[in-house]
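Colleague: Input file: query09.tsv. Contents: TSV, C-alpha atoms.
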```tsv
chain	number	residue	atom	x	y	z
D	1	GLY	CA	85.40	120.35	87.75
D	2	GLU	CA	84.39	116.80	88.46
D	3	ASN	CA	81.17	115.99	90.37
D	4	VAL	CA	80.78	112.56	91.94
D	5	GLU	CA	77.40	111.45	93.25
D	6	GLN	CA	77.02	108.37	95.43
D	7	HIS	CA	73.92	106.38	96.37
D	8	PRO	CA	72.53	105.25	98.69
D	9	SER	CA	73.71	107.23	101.68
D	10	THR	CA	72.77	104.39	104.04
D	11	LEU	CA	72.35	100.69	103.35
D	12	SER	CA	71.38	97.83	105.66
D	13	VAL	CA	71.65	94.21	104.58
D	14	GLN	CA	71.34	90.84	106.25
D	15	GLU	CA	74.55	88.91	106.75
D	16	GLY	CA	75.20	86.78	103.69
D	17	ASP	CA	73.27	89.05	101.32
D	18	SER	CA	74.87	91.23	98.66
D	19	ALA	CA	75.36	94.99	98.83
D	20	VAL	CA	75.63	97.36	95.88
D	21	ILE	CA	76.75	100.99	96.01
D	22	LYS	CA	76.55	103.19	92.93
D	23	CYS	CA	78.43	106.29	91.86
D	24	THR	CA	78.16	108.59	88.89
D	25	TYR	CA	80.71	111.09	87.65
D	26	SER	CA	80.47	114.07	85.34
D	27	ASP	CA	83.90	114.45	83.72
D	28	SER	CA	84.36	112.02	80.83
D	29	ALA	CA	88.14	112.48	81.14
D	30	SER	CA	88.23	110.80	84.56
D	31	ASN	CA	90.08	107.53	84.25
D	32	TYR	CA	90.78	106.19	87.74
D	33	PHE	CA	88.08	105.13	90.19
D	34	PRO	CA	89.10	103.91	93.65
D	35	TRP	CA	86.84	102.74	96.47
D	36	TYR	CA	87.76	103.41	100.09
D	37	LYS	CA	86.43	101.80	103.26
D	38	GLN	CA	86.38	103.76	106.48
D	39	GLU	CA	85.63	102.02	109.73
D	40	LEU	CA	84.35	104.09	112.63
D	41	GLY	CA	87.07	106.39	113.94
D	42	LYS	CA	89.64	105.06	111.47
D	43	ARG	CA	91.31	106.35	108.33
D	44	PRO	CA	89.98	105.56	104.83
D	45	GLN	CA	91.71	102.59	103.23
D	46	LEU	CA	91.66	101.48	99.62
D	47	ILE	CA	89.75	98.27	99.02
D	48	ILE	CA	89.62	98.14	95.23
D	49	ASP	CA	90.18	100.39	92.24
D	50	ILE	CA	89.53	100.31	88.52
D	51	ARG	CA	90.96	102.17	85.55
D	52	SER	CA	89.01	103.30	82.53
D	53	ASN	CA	90.47	100.67	80.23
D	54	VAL	CA	88.80	97.91	82.28
D	55	GLY	CA	85.09	97.17	82.66
D	56	GLU	CA	85.17	94.99	85.74
D	57	LYS	CA	87.57	93.97	88.47
D	58	LYS	CA	87.15	91.42	91.26
D	59	ASP	CA	88.97	90.71	94.50
D	60	GLN	CA	87.44	87.86	96.45
D	61	ARG	CA	84.02	89.07	97.67
D	62	ILE	CA	84.43	92.57	96.26
D	63	ALA	CA	83.94	93.66	92.67
D	64	VAL	CA	83.76	96.97	90.87
D	65	THR	CA	82.13	97.60	87.50
D	66	LEU	CA	82.59	100.62	85.28
D	67	ASN	CA	80.36	101.90	82.49
D	68	LYS	CA	82.25	104.70	80.74
D	69	THR	CA	79.44	105.50	78.35
D	70	ALA	CA	76.97	106.10	81.15
D	71	LYS	CA	79.68	107.50	83.45
D	72	HIS	CA	78.87	105.34	86.40
D	73	PHE	CA	80.65	102.73	88.47
D	74	SER	CA	79.48	100.41	91.20
D	75	LEU	CA	80.85	98.47	94.15
D	76	HIS	CA	79.49	94.99	94.73
D	77	ILE	CA	80.06	93.10	97.98
D	78	THR	CA	78.84	89.51	98.05
D	79	GLU	CA	78.29	87.26	101.07
D	80	THR	CA	78.42	90.23	103.38
D	81	GLN	CA	79.82	89.82	106.89
D	82	PRO	CA	79.47	92.02	109.99
D	83	GLU	CA	83.05	93.24	109.53
D	84	ASP	CA	81.98	94.77	106.21
D	85	SER	CA	80.02	97.37	108.22
D	86	ALA	CA	81.68	100.72	107.50
D	87	VAL	CA	81.38	103.86	105.41
D	88	TYR	CA	82.38	103.38	101.78
D	89	PHE	CA	83.55	106.21	99.54
D	90	CYS	CA	83.91	106.21	95.79
D	91	ALA	CA	86.23	108.64	94.05
D	92	ALA	CA	87.22	109.73	90.57
D	93	SER	CA	90.35	111.32	89.19
D	94	LYS	CA	92.03	111.86	85.86
D	95	ALA	CA	95.51	111.90	84.44
D	96	ASN	CA	97.50	115.12	84.32
D	97	THR	CA	95.96	116.43	87.55
D	98	GLY	CA	98.42	114.80	89.89
D	99	ASN	CA	96.40	112.60	92.19
D	100	GLN	CA	93.50	114.98	92.80
D	101	PHE	CA	90.52	112.89	93.84
D	102	TYR	CA	86.88	113.88	93.87
D	103	PHE	CA	85.02	111.85	96.48
D	104	GLY	CA	81.41	110.85	96.75
D	105	THR	CA	79.54	111.66	99.94
D	106	GLY	CA	79.82	108.13	101.33
D	107	THR	CA	77.55	105.15	102.02
D	108	SER	CA	77.13	103.86	105.54
D	109	LEU	CA	76.76	100.09	105.24
D	110	THR	CA	75.40	98.05	108.13
D	111	VAL	CA	75.46	94.27	107.95
D	112	ILE	CA	72.94	92.76	110.35
D	113	PRO	CA	74.04	89.43	111.87
U	114	ASN	CA	107.68	101.87	107.85
U	115	ALA	CA	105.25	104.24	109.58
U	116	GLY	CA	103.33	105.30	106.45
U	117	VAL	CA	101.52	108.62	106.92
U	118	THR	CA	101.77	110.12	110.40
U	119	GLN	CA	99.45	112.91	111.41
U	120	THR	CA	99.45	114.89	114.65
U	121	PRO	CA	97.67	115.81	116.83
U	122	LYS	CA	94.81	113.32	116.91
U	123	PHE	CA	92.48	115.71	118.77
U	124	GLN	CA	92.54	119.47	119.17
U	125	VAL	CA	90.24	122.12	120.61
U	126	LEU	CA	90.82	125.72	119.58
U	127	LYS	CA	89.21	128.99	120.48
U	128	THR	CA	87.91	131.18	117.68
U	129	GLY	CA	90.75	133.29	116.30
U	130	GLN	CA	93.56	131.03	117.43
U	131	SER	CA	96.03	129.62	114.94
U	132	MET	CA	97.58	126.18	114.80
U	133	THR	CA	99.46	123.78	112.58
U	134	LEU	CA	98.47	120.22	111.80
U	135	GLN	CA	101.51	118.10	111.08
U	136	CYS	CA	101.77	115.44	108.39
U	137	ALA	CA	104.77	113.32	107.56
U	138	GLN	CA	105.22	110.33	105.25
U	139	ASP	CA	108.16	107.98	104.91
U	140	MET	CA	107.23	106.36	101.59
U	141	ASN	CA	108.98	108.93	99.38
U	142	HIS	CA	105.64	109.90	97.84
U	143	GLU	CA	105.67	112.91	95.56
U	144	TYR	CA	102.01	113.79	96.07
U	145	MET	CA	100.58	114.96	99.40
U	146	SER	CA	97.21	116.45	100.18
U	147	TRP	CA	94.89	117.61	102.92
U	148	TYR	CA	91.18	116.80	103.11
U	149	ARG	CA	88.46	117.74	105.50
U	150	GLN	CA	85.64	115.34	106.26
U	151	ASP	CA	82.24	116.64	107.31
U	152	PRO	CA	79.05	114.62	107.84
U	153	GLY	CA	77.20	114.04	104.59
U	154	MET	CA	79.85	115.80	102.51
U	155	GLY	CA	82.50	113.18	101.96
U	156	LEU	CA	86.14	114.19	101.74
U	157	ARG	CA	86.89	117.61	100.29
U	158	LEU	CA	90.33	118.63	99.12
U	159	ILE	CA	91.85	121.66	100.86
U	160	HIS	CA	95.39	121.90	99.40
U	161	TYR	CA	97.78	119.59	97.65
U	162	SER	CA	101.39	119.34	96.56
U	163	VAL	CA	103.05	117.41	93.74
U	164	GLY	CA	106.55	117.86	95.13
U	165	ALA	CA	108.80	119.90	97.39
U	166	GLY	CA	108.32	123.60	96.80
U	167	ILE	CA	105.06	123.14	94.87
U	168	THR	CA	101.60	123.61	96.36
U	169	ASP	CA	98.17	124.34	94.95
U	170	GLN	CA	94.64	124.96	96.11
U	171	GLY	CA	91.93	122.36	96.20
U	172	GLU	CA	88.20	122.66	96.53
U	173	VAL	CA	88.00	124.45	99.92
U	174	PRO	CA	91.28	126.35	100.54
U	175	ASN	CA	90.02	129.46	102.33
U	176	GLY	CA	91.38	129.88	105.86
U	177	TYR	CA	94.21	127.38	105.37
U	178	ASN	CA	97.84	127.63	104.31
U	179	VAL	CA	100.33	124.92	103.39
U	180	SER	CA	104.00	124.63	102.53
U	181	ARG	CA	106.17	121.77	101.27
U	182	SER	CA	109.81	122.36	102.12
U	183	THR	CA	110.70	118.66	102.05
U	184	THR	CA	109.31	115.56	100.35
U	185	GLU	CA	108.35	114.08	103.71
U	186	ASP	CA	106.43	116.91	105.41
U	187	PHE	CA	103.28	118.78	104.49
U	188	PRO	CA	101.91	120.88	107.39
U	189	LEU	CA	98.50	122.53	107.28
U	190	ARG	CA	98.13	125.89	109.02
U	191	LEU	CA	94.90	127.39	110.24
U	192	LEU	CA	95.46	131.12	110.29
U	193	SER	CA	92.55	132.28	112.45
U	194	ALA	CA	90.29	129.41	113.49
U	195	ALA	CA	86.54	129.70	112.95
U	196	PRO	CA	83.73	127.39	114.12
U	197	SER	CA	83.13	126.47	110.44
U	198	GLN	CA	86.53	124.78	110.49
U	199	THR	CA	85.35	122.23	113.03
U	200	SER	CA	85.92	118.99	111.15
U	201	VAL	CA	88.02	115.86	110.84
U	202	TYR	CA	91.17	116.48	108.82
U	203	PHE	CA	93.06	113.84	106.87
U	204	CYS	CA	96.43	114.03	105.26
U	205	ALA	CA	97.07	111.68	102.34
U	206	SER	CA	100.05	110.83	100.15
U	207	SER	CA	100.69	108.81	97.01
U	208	TYR	CA	103.14	108.16	94.22
U	209	LEU	CA	102.86	110.02	90.97
U	210	MET	CA	103.62	107.31	88.44
U	211	GLY	CA	104.08	109.32	85.33
U	212	ARG	CA	100.57	110.40	84.50
U	213	ALA	CA	98.83	107.46	86.13
U	214	ASN	CA	96.89	107.91	89.33
U	215	THR	CA	97.71	105.68	92.26
U	216	GLU	CA	96.41	104.65	95.68
U	217	ALA	CA	96.26	107.37	98.32
U	218	PHE	CA	97.44	106.47	101.83
U	219	PHE	CA	95.73	108.38	104.60
U	220	GLY	CA	96.93	109.52	107.99
U	221	GLN	CA	94.97	108.67	111.13
U	222	GLY	CA	93.03	111.93	111.09
U	223	THR	CA	92.78	114.98	113.35
U	224	ARG	CA	89.49	115.81	115.00
U	225	LEU	CA	89.43	119.59	115.37
U	226	THR	CA	86.83	121.50	117.35
U	227	VAL	CA	86.70	125.29	117.24
U	228	VAL	CA	84.68	126.90	120.01
```
Kindly transcribe the structure held in the file into structure tokens.
Modeller:
Amino acid sequence: GENVEQHPSTLSVQEGDSAVIKCTYSDSASNYFPWYKQELGKRPQLIIDIRSNVGEKKDQRIAVTLNKTAKHFSLHITETQPEDSAVYFCAASKANTGNQFYFGTGTSLTVIP
Amino acid sequence: NAGVTQTPKFQVLKTGQSMTLQCAQDMNHEYMSWYRQDPGMGLRLIHYSVGAGITDQGEVPNGYNVSRSTTEDFPLRLLSAAPSQTSVYFCASSYLMGRANTEAFFGQGTRLTVV
């Protein structure tokens, strides 16, 4: 099955700096890579996703890049704000498996005001 | 539109007791799933369903049962609770758009403690 590794497990940045979280996956057939944000005590919520036919996707201060050859994808948050503090999860899935996701172990991001 | 509704929010069980975690969605999603979340281990899939009457095992199915009699409901049953099942449980649902994967919507979570 798929194995998703996520780094770092914790990340602290100054407000206004950028944050980068990286994930690798093992199954070259995976073709959908969502990122979820989970605030303390809340449910995970999708913040951005990318499909394997795209190399990069942006949504305001958030961007995701995908390198299919190397089998890794990254989340980039620019101009970080205190409300970006949360746990971020990457995930991978592939067609023909329903919507079975394999999640990374999470990155706890703290933005210091 | 309530989305994904999960109950209860908190539960304490004694070892050996059984219980059912409820999950309902009102978005007409075909796909529903249960995850458990443990510190440092991310979200691990317990069971999932691609439609009414169809269920399958995920990564960590032992000790749990599911059924899907309707599109809306997907309850998770703990047969005989063990301390190792202490965790936060999330139900999630999504559309199955042909063979394309889509966003998963999560319930609010159930924090279960087995003593």
Colleague: What gap, in Å, lies between atom CA of Ala86 of chain D and atom CA of Leu11 of chain D?
Modeller: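 Interatomic distance, atom CA of Ala86 of chain D to atom CA of Leu11 of chain D: 10.2 Å.
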Colleague: Neighbouring residues of Gly176 of chain U were defined as those with any atom within 8 Å, considering only C-alpha atoms; residues of the same chain fewer than 4 positions away were excluded. Please report them as a PyMOL selection string.
Modeller: chain U and resi 191-194
Colleague: Please determine the contact residues of chain U with respect to chain D at a cut-off of 9 Å, counting all atoms listed in the file, and supply them as a PyMOL selection string.
Modeller: chain U and resi 144-146+152-158+161-163+171+203+206-209+211-222
Colleague: Quick one: everything within 10 Å of His72 of chain D, counting only C-alpha atoms, minus sequence neighbours fewer than 4 positions away in the same chain. Send it as a list in words.
Modeller: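 Neighbouring residues, sequence-local ones excluded: Val4, Glu5, Gln6, Lys22, Cys23, Thr24, Tyr25, Ser26, Phe33, Thr65, Leu66, Asn67 and Lys68 of chain D.
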Colleague: Hey, can you check how far atom CA of Asp139 of chain U sits from atom CA of Ala115 of chain U?
Modeller: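 Atom CA of Ala115 of chain U lies at a distance of 6.7 Å from atom CA of Asp139 of chain U.
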Colleague: Contacts of segment 74-80 of chain D at 7 Å or less, counting only C-alpha atoms, minus same-chain residues fewer than 6 places along, as a PyMOL selection string?
Modeller: chain D and resi 15-23+61-66+111
Colleague: Hey, could you patch up segment 172-189 of chain U with N, CA and C atoms and hand it over as a compact mmCIF listing (two decimals), in the coordinates of the input?
Modeller:
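What ended up in part_31.txt:
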```
# COMPACT_ATOMS: atom_id res chain seq x y z
N GLU U 172 89.60 122.26 96.59
CA GLU U 172 88.20 122.66 96.53
C GLU U 172 87.81 123.71 97.58
N VAL U 173 88.39 123.59 98.80
CA VAL U 173 88.00 124.45 99.92
C VAL U 173 89.24 125.03 100.62
N PRO U 174 90.01 125.90 99.98
CA PRO U 174 91.28 126.35 100.54
C PRO U 174 91.21 127.51 101.53
N ASN U 175 90.08 128.23 101.56
CA ASN U 175 90.02 129.46 102.33
C ASN U 175 90.21 129.21 103.82
N GLY U 176 91.11 130.00 104.43
CA GLY U 176 91.38 129.88 105.86
C GLY U 176 92.52 128.95 106.19
N TYR U 177 93.13 128.34 105.17
CA TYR U 177 94.21 127.38 105.37
C TYR U 177 95.41 127.74 104.51
N ASN U 178 96.60 127.48 105.06
CA ASN U 178 97.84 127.63 104.31
C ASN U 178 98.64 126.34 104.39
N VAL U 179 99.45 126.08 103.37
CA VAL U 179 100.33 124.92 103.39
C VAL U 179 101.69 125.33 102.84
N SER U 180 102.67 124.50 103.12
CA SER U 180 104.00 124.63 102.53
C SER U 180 104.58 123.24 102.39
N ARG U 181 105.54 123.09 101.49
CA ARG U 181 106.17 121.77 101.27
C ARG U 181 107.67 122.02 101.07
N SER U 182 108.37 122.10 102.19
CA SER U 182 109.81 122.36 102.12
C SER U 182 110.60 121.08 101.91
N THR U 183 110.04 119.94 102.26
CA THR U 183 110.70 118.66 102.05
C THR U 183 109.71 117.68 101.43
N THR U 184 110.21 116.58 100.89
CA THR U 184 109.31 115.56 100.35
C THR U 184 108.46 114.93 101.44
N GLU U 185 109.01 114.84 102.66
CA GLU U 185 108.35 114.08 103.71
C GLU U 185 107.23 114.83 104.43
N ASP U 186 107.33 116.16 104.53
CA ASP U 186 106.43 116.91 105.41
C ASP U 186 105.50 117.84 104.66
N PHE U 187 104.27 117.93 105.15
CA PHE U 187 103.28 118.78 104.49
C PHE U 187 102.33 119.32 105.56
N PRO U 188 102.75 120.35 106.30
CA PRO U 188 101.91 120.88 107.39
C PRO U 188 100.77 121.75 106.87
N LEU U 189 99.68 121.72 107.61
CA LEU U 189 98.50 122.53 107.28
C LEU U 189 98.31 123.56 108.40
```
